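Report on one structure; see the data block that follows.
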There are 2 protein chains.
Amino acid sequence: MAASAGAEPHAVGLDIGGTKIAGGVVTESGRVLDRTRVPTPPDDQAATLAALLALVDELWARNPGVEAIGLGAAGLVERPGGNARWAPHNTYRRMELRRLLHERTGLPTSVDNDANAAAWAESRFGAGAASGDLVLVTVGTGIGGGLVLDGGIYHGEHGFAGELGHLIVDPEGDRCACGNRGCLEAMASGSTLGRLGREAAAGDPAGRLATLAALDGGPVTGEVVFAAASEGDKVALGLFERIGHWLGVGIASLVTIFDPDLVVVGGGVAATGELLLAPARASFERYVHARDHRDLPPVVPARLGADAGLVGAATLALARH
Amino acid sequence: MAASAGAEPHAVGLDIGGTKIAGGVVTESGRVLDRTRVPTPPDDQAATLAALLALVDELWARNPGVEAIGLGAAGLVERPGGNARWAPHNTYRRMELRRLLHERTGLPTSVDNDANAAAWAESRFGAGAASGDLVLVTVGTGIGGGLVLDGGIYHGEHGFAGELGHLIVDPEGDRCACGNRGCLEAMASGSTLGRLGREAAAGDPAGRLATLAALDGGPVTGEVVFAAASEGDKVALGLFERIGHWLGVGIASLVTIFDPDLVVVGGGVAATGELLLAPARASFERYVHARDHRDLPPVVPARLGADAGLVGAATLALARH
């Protein structure tokens with residue numbers, strides 16, 4: 001059942017990630033009136049488009065007053081065309097998302113990178129609502145990023161700016177899903193936490209990580225490491241220390257580069273709270289330039305949770321419409 | 001003898017580096033009418049101010065129509081106050097440069113970070129005159145940086161943005177003059193080239209580096225490494241490969257973050273040309289995110305040489321005045 005929008009303009013917001021597509025109806029002031037979600041279809045652009053259109057139809061039927069569609073898509077999104085160029089965890093290749101959605105629905109449509117949309121939402125309605133320049137790092141399966149600078153999303157020349165997960169933090173480090181080595185994503189993401197957990201479990205089959213995974217009947221994942229760390233398991237806590245260390249190195253470079261008012265950490269792994277943020281803050285404070293001669297920006301958790309992408313996408317669409 | 005300014009507005013531009021202060025008179029369109037320079041006074045803020053005022057007096061006497069003063073200062077410069085907060089290679093600490101110069105001269109005065117000023121000059125009159133978003137990396141004794149984004153210098157919340165030399169490229173890497181470890185400056189600057197040259201010469205007292213330094217009667221410096229590399233000495237060429245590799249890692253991260261139209265490499269070491277730029281480009285292309293799915297921005301040498309800082313400072317002062 002959709003909540004009432006009253007007279008406030010509202011739009012459909014869609015957020016395509018590597019594993020799921022989240023949809024919602026969102027007002028100009030960031031209120032979410034309705035929500036739905038489906039798994040991201042694998043291996044097929046036509047199926048992705050069909051899934052997006054089905055989400056729009058469902059939400060539009062329940063909320064007939066929607067005025068626009070805003071889409072946040074993982075990976076490189078061309079500006080101003082709104083084409084999804086490429087993403088390591090998605091199948092689209094130069095997919096004309098903006099044109100296709102607009103043609104099939106007749107609604108004004110705007111497309112942005114998912115983490116850019118989330119950064120916009122956090123800067124207007126979330127953790128950064130009273131702040132200036134804001135850097136968002138989203139730590140989930142991968143690591144995304146968004147930059148709100150001088151009051152607007154910073155897109156760069158083609159729309160590809162803000163791929164903060166692919167900052168090189170250790171050129172001899174682990175291999176990344178993108179093909180490079182030593183990206184922040186390769187050292188500090190949820191996938192990395194899971195991989196490190198599997199390595200630790202393989203080396204200690206009687207340990208808590210292996211035991212918890214066996215109880216679950218599956219491999220060690222980031223969630224299993226979280227469960228073990230929450231019980232106080234020292235190995236699991238050490239893995240959070242390790243990915244937090246690398247996240248802090250990345251945040252240090254970003255603060256040195258951007259001198260932001262605020263750093264927001266979002267995404268699924270950020271929901272583990274201080275397990276990740278405490279070691280990240282310690283290493284950020286160790287590595288930031290001229291730490292004794294500046295006021296350090298707070299490093300805080302995101303506030304909008306899984307809604308950030310669709311709230312940002314919808315409110316950007318309304319603002320541009 | 002000063003050249004004629006004609007009717008074009010002109011200003012004094014000053015550029016304080018770690019070793020010298022350069023001054024000039026510059027027109028609105030970036031033409032340098034007059035130049036002078038003095039060594040940076042060590043260990044004394046009062047002497048620094050006196051040196052700056054003497055440069056202004058000298059240039060003003062020869063060019064009575066100057067309308068403003070623009071100053072570019074190394075290190076952290078507070079905005080909008082124009083105070084030099086701190087720099088690893090200079091002695092000032094919270095020095096109120098803008099207020100002091102304005103009070104002593106009566107001229108409108110603007111103060112910015114030196115590499116920000118240089119980036120502005122390159123974006124308007126130099127290598128980036130036809131470009132959009134521009135990233136400048138200056139490789140000299142240290143490494144500085146400036147960002148021209150969406151048509152203006154990006155300053156961040158306090159004016160400290162763009163300290164690109166202190167991007168962490170290897171958290172276990174060499175100690176930096178700033179106190180951190182593994183900064184781009186610690187791995188790829190002119191000082192690092194000299195240090196690596198001294199290490200190589202110590203290990204091979206009969207080699208070309210040691211021989212050239214002995215002929216000069218001094219230690220191996222970056223200049224000695226350059227001289228040896230220019231003769232084709234393999235050890236010296238290898239050192240350029242090494243600092244170029246790290247510079248390219250840093251540029252890769254910057255392109256991944258900013259998606260700029262152009263990367264400009266300036267500063268004294270950049271004057272060695274392809275010795276530095278060829279290995280930097282190779283490693284940039286290896287480490288940039290999604291290299292097969294994007295158009296890479298050119299990585300080009302700066303065009304304004306040692307004038308960039310004072311040209312940028314003076315034209316910024318005229319634009320703000």
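Residues in the structure tokens are named by chain (A, B, ... in the order shown) and by number from 1 within that chain; ligands are numbered from 1 in the order shown.
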I'd like a table as CSV: residues in chain A with an atom no more than 7 Å from chain B, each row giving the shortest atom pair and its distance in Å to one decimal, only C-alpha atoms counted, sorted by chain and rising residue number.
```
residue,atom,partner,partner_atom,distance
A:Trp86,CA,B:His293,CA,6.8
A:Asp133,CA,B:Glu157,CA,6.7
A:Gly156,CA,B:Asp259,CA,4.8
A:Glu157,CA,B:Pro260,CA,5.7
A:His158,CA,B:Asp259,CA,6.9
A:Phe160,CA,B:Asp259,CA,5.7
A:Ala161,CA,B:Phe258,CA,4.7
A:Gly162,CA,B:Ile257,CA,4.7
A:Glu163,CA,B:Ile257,CA,5.5
A:Leu164,CA,B:Ile257,CA,6.0
A:His166,CA,B:His289,CA,6.1
A:Leu167,CA,B:Ser253,CA,4.8
A:Ile168,CA,B:Ser253,CA,5.8
A:Val169,CA,B:Val169,CA,5.6
A:Asp170,CA,B:Asp170,CA,5.3
A:Cys178,CA,B:Ala290,CA,6.8
A:Asn180,CA,B:Tyr287,CA,6.2
A:Ser253,CA,B:Leu167,CA,4.8
A:Thr256,CA,B:Glu163,CA,5.8
A:Ile257,CA,B:Gly162,CA,4.7
A:Phe258,CA,B:Ala161,CA,4.7
A:Asp259,CA,B:Gly156,CA,4.7
A:Pro260,CA,B:Glu157,CA,5.7
A:Asp261,CA,B:Glu157,CA,5.9
A:Tyr287,CA,B:Asn180,CA,6.2
A:His289,CA,B:His166,CA,6.1
A:Ala290,CA,B:Cys178,CA,6.8
A:His293,CA,B:Trp86,CA,6.8
```
Practice task
Could you give me, as a VMD selection string, each residue of region 94-291 of chain B that DSSP assigns to helix (DSSP H, G or I) when run on this structure's backbone?
Solution key: chain B and resid 97 to 105 114 to 125 164 to 166 184 to 188 190 to 203 208 to 216 222 to 230 234 to 258 269 to 272 274 to 287 291
Handout entry: Residue neighbourhood Gly266 (chain B), 9 Å, only C-alpha atoms, exclusion window fewer than 4 positions, as a VMD selection string
Key = chain B and resid 118 136 to 140 270 to 271 300 to 306 308
Can you spit out the residues from that selection as a PDB file, in the first residue's frame, using N, CA and C atoms?
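This went into selection08.pdb:
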```
ATOM      1  N   ALA B 118      49.339  27.880 -10.096  1.00  0.00           N
ATOM      2  CA  ALA B 118      49.958  27.361 -11.327  1.00  0.00           C
ATOM      3  C   ALA B 118      48.933  26.609 -12.175  1.00  0.00           C
ATOM      4  N   LEU B 136      46.709  19.302 -12.225  1.00  0.00           N
ATOM      5  CA  LEU B 136      48.129  19.634 -12.352  1.00  0.00           C
ATOM      6  C   LEU B 136      48.903  18.958 -11.234  1.00  0.00           C
ATOM      7  N   VAL B 137      49.975  18.274 -11.611  1.00  0.00           N
ATOM      8  CA  VAL B 137      50.907  17.720 -10.626  1.00  0.00           C
ATOM      9  C   VAL B 137      52.251  18.387 -10.893  1.00  0.00           C
ATOM     10  N   THR B 138      52.813  19.050  -9.884  1.00  0.00           N
ATOM     11  CA  THR B 138      54.108  19.712 -10.061  1.00  0.00           C
ATOM     12  C   THR B 138      55.180  18.890  -9.348  1.00  0.00           C
ATOM     13  N   VAL B 139      56.151  18.433 -10.110  1.00  0.00           N
ATOM     14  CA  VAL B 139      57.199  17.575  -9.562  1.00  0.00           C
ATOM     15  C   VAL B 139      58.490  18.381  -9.487  1.00  0.00           C
ATOM     16  N   GLY B 140      58.841  18.787  -8.279  1.00  0.00           N
ATOM     17  CA  GLY B 140      60.076  19.523  -8.052  1.00  0.00           C
ATOM     18  C   GLY B 140      60.762  18.917  -6.832  1.00  0.00           C
ATOM     19  N   ALA B 270      59.779  17.900 -14.162  1.00  0.00           N
ATOM     20  CA  ALA B 270      59.042  17.697 -15.408  1.00  0.00           C
ATOM     21  C   ALA B 270      59.811  18.264 -16.604  1.00  0.00           C
ATOM     22  N   ALA B 271      60.724  19.203 -16.334  1.00  0.00           N
ATOM     23  CA  ALA B 271      61.535  19.762 -17.423  1.00  0.00           C
ATOM     24  C   ALA B 271      62.473  18.716 -18.022  1.00  0.00           C
ATOM     25  N   VAL B 300      50.368  15.600 -20.238  1.00  0.00           N
ATOM     26  CA  VAL B 300      51.244  16.489 -21.007  1.00  0.00           C
ATOM     27  C   VAL B 300      52.112  17.346 -20.091  1.00  0.00           C
ATOM     28  N   PRO B 301      53.250  17.815 -20.616  1.00  0.00           N
ATOM     29  CA  PRO B 301      54.061  18.725 -19.806  1.00  0.00           C
ATOM     30  C   PRO B 301      53.417  20.104 -19.687  1.00  0.00           C
ATOM     31  N   ALA B 302      53.697  20.787 -18.583  1.00  0.00           N
ATOM     32  CA  ALA B 302      53.250  22.165 -18.412  1.00  0.00           C
ATOM     33  C   ALA B 302      53.910  23.039 -19.476  1.00  0.00           C
ATOM     34  N   ARG B 303      53.290  24.187 -19.773  1.00  0.00           N
ATOM     35  CA  ARG B 303      53.845  25.068 -20.810  1.00  0.00           C
ATOM     36  C   ARG B 303      54.441  26.342 -20.252  1.00  0.00           C
ATOM     37  N   LEU B 304      54.050  26.717 -19.027  1.00  0.00           N
ATOM     38  CA  LEU B 304      54.450  28.040 -18.541  1.00  0.00           C
ATOM     39  C   LEU B 304      55.728  28.019 -17.718  1.00  0.00           C
ATOM     40  N   GLY B 305      56.279  26.819 -17.515  1.00  0.00           N
ATOM     41  CA  GLY B 305      57.544  26.707 -16.800  1.00  0.00           C
ATOM     42  C   GLY B 305      57.489  27.378 -15.441  1.00  0.00           C
ATOM     43  N   ALA B 306      58.585  28.027 -15.072  1.00  0.00           N
ATOM     44  CA  ALA B 306      58.708  28.617 -13.740  1.00  0.00           C
ATOM     45  C   ALA B 306      57.786  29.819 -13.552  1.00  0.00           C
ATOM     46  N   ALA B 308      54.524  29.783 -14.088  1.00  0.00           N
ATOM     47  CA  ALA B 308      53.120  29.404 -13.883  1.00  0.00           C
ATOM     48  C   ALA B 308      52.544  29.960 -12.585  1.00  0.00           C
TER      49      ALA B 308
END
```
Problem - Interatomic distance, CA of Ala130 (chain B) to CA of Gly151 (chain B) (Å, one decimal) - result: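 That distance, rounded to one decimal, is 11.5 Å.
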Practice task
Identify, on the basis of only C-alpha atoms, every residue whose closest approach to Ala200 (chain A) does not exceed 9 Å; exclude the query and any residue fewer than 3 positions from it along the same chain; express the result as a ChimeraX atom specification.
Solution key: /A:195-197,203-205,207,209-210,235-236
Problem - Long-range neighbours of region 60-66 of chain A as a PyMOL selection string, 12 Å cut-off, only C-alpha atoms, 5 positions minimum in chain - result: chain A and resi 1-13+23-28+32-36+53-55+105-109+314-315+317-318+321
Residues from last step as file, C-alpha atoms, as a PDB file, in the first residue's frame:
```pdb
ATOM      1  CA  MET A   1       0.000   0.000   0.000  1.00  0.00           C
ATOM      2  CA  ALA A   2       1.514   3.312  -1.026  1.00  0.00           C
ATOM      3  CA  ALA A   3       1.607   6.168   1.453  1.00  0.00           C
ATOM      4  CA  SER A   4       0.009   9.438   0.447  1.00  0.00           C
ATOM      5  CA  ALA A   5       2.216  11.901  -1.397  1.00  0.00           C
ATOM      6  CA  GLY A   6      -0.064  14.847  -0.751  1.00  0.00           C
ATOM      7  CA  ALA A   7       0.735  17.701  -3.098  1.00  0.00           C
ATOM      8  CA  GLU A   8       4.486  17.189  -3.077  1.00  0.00           C
ATOM      9  CA  PRO A   9       6.087  16.253  -6.447  1.00  0.00           C
ATOM     10  CA  HIS A  10       7.320  12.675  -6.479  1.00  0.00           C
ATOM     11  CA  ALA A  11       9.282  10.405  -8.785  1.00  0.00           C
ATOM     12  CA  VAL A  12      10.253   6.785  -9.226  1.00  0.00           C
ATOM     13  CA  GLY A  13      13.793   6.085  -8.028  1.00  0.00           C
ATOM     14  CA  GLY A  23      12.815   0.732  -6.675  1.00  0.00           C
ATOM     15  CA  GLY A  24      10.799   3.304  -4.780  1.00  0.00           C
ATOM     16  CA  VAL A  25       8.596   6.347  -5.029  1.00  0.00           C
ATOM     17  CA  VAL A  26      10.203   9.384  -3.427  1.00  0.00           C
ATOM     18  CA  THR A  27       9.025  12.944  -2.803  1.00  0.00           C
ATOM     19  CA  GLU A  28      11.002  16.088  -3.528  1.00  0.00           C
ATOM     20  CA  VAL A  32      10.026   7.306   0.502  1.00  0.00           C
ATOM     21  CA  LEU A  33       6.334   6.555  -0.173  1.00  0.00           C
ATOM     22  CA  ASP A  34       6.640   3.073  -1.621  1.00  0.00           C
ATOM     23  CA  ARG A  35       9.319   0.410  -2.202  1.00  0.00           C
ATOM     24  CA  THR A  36       9.936  -2.776  -4.155  1.00  0.00           C
ATOM     25  CA  LEU A  53      10.169  -1.438 -16.751  1.00  0.00           C
ATOM     26  CA  ALA A  54       8.259  -3.946 -14.603  1.00  0.00           C
ATOM     27  CA  LEU A  55       9.397  -2.087 -11.458  1.00  0.00           C
ATOM     28  CA  THR A 105       7.464   5.308 -20.311  1.00  0.00           C
ATOM     29  CA  GLY A 106       7.184   8.837 -21.711  1.00  0.00           C
ATOM     30  CA  LEU A 107       8.464  10.136 -18.344  1.00  0.00           C
ATOM     31  CA  PRO A 108      11.450  12.496 -18.030  1.00  0.00           C
ATOM     32  CA  THR A 109      14.331  10.215 -17.077  1.00  0.00           C
ATOM     33  CA  ALA A 314      14.507  10.206  -7.661  1.00  0.00           C
ATOM     34  CA  THR A 315      15.261  13.620  -6.166  1.00  0.00           C
ATOM     35  CA  ALA A 317      15.283  13.461 -11.486  1.00  0.00           C
ATOM     36  CA  LEU A 318      12.800  15.868  -9.892  1.00  0.00           C
ATOM     37  CA  HIS A 321      12.849  17.831 -14.580  1.00  0.00           C
TER      38      HIS A 321
END
```
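Our summary of the geometry notes that CA of Leu97 (chain B) is positioned 20.1 Å from CA of Trp120 (chain B).
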Problem - Atomic distance CA of Arg99 (chain B) - CA of Ala84 (chain B), expressed in Å with one decimal - result: 11.0 Å
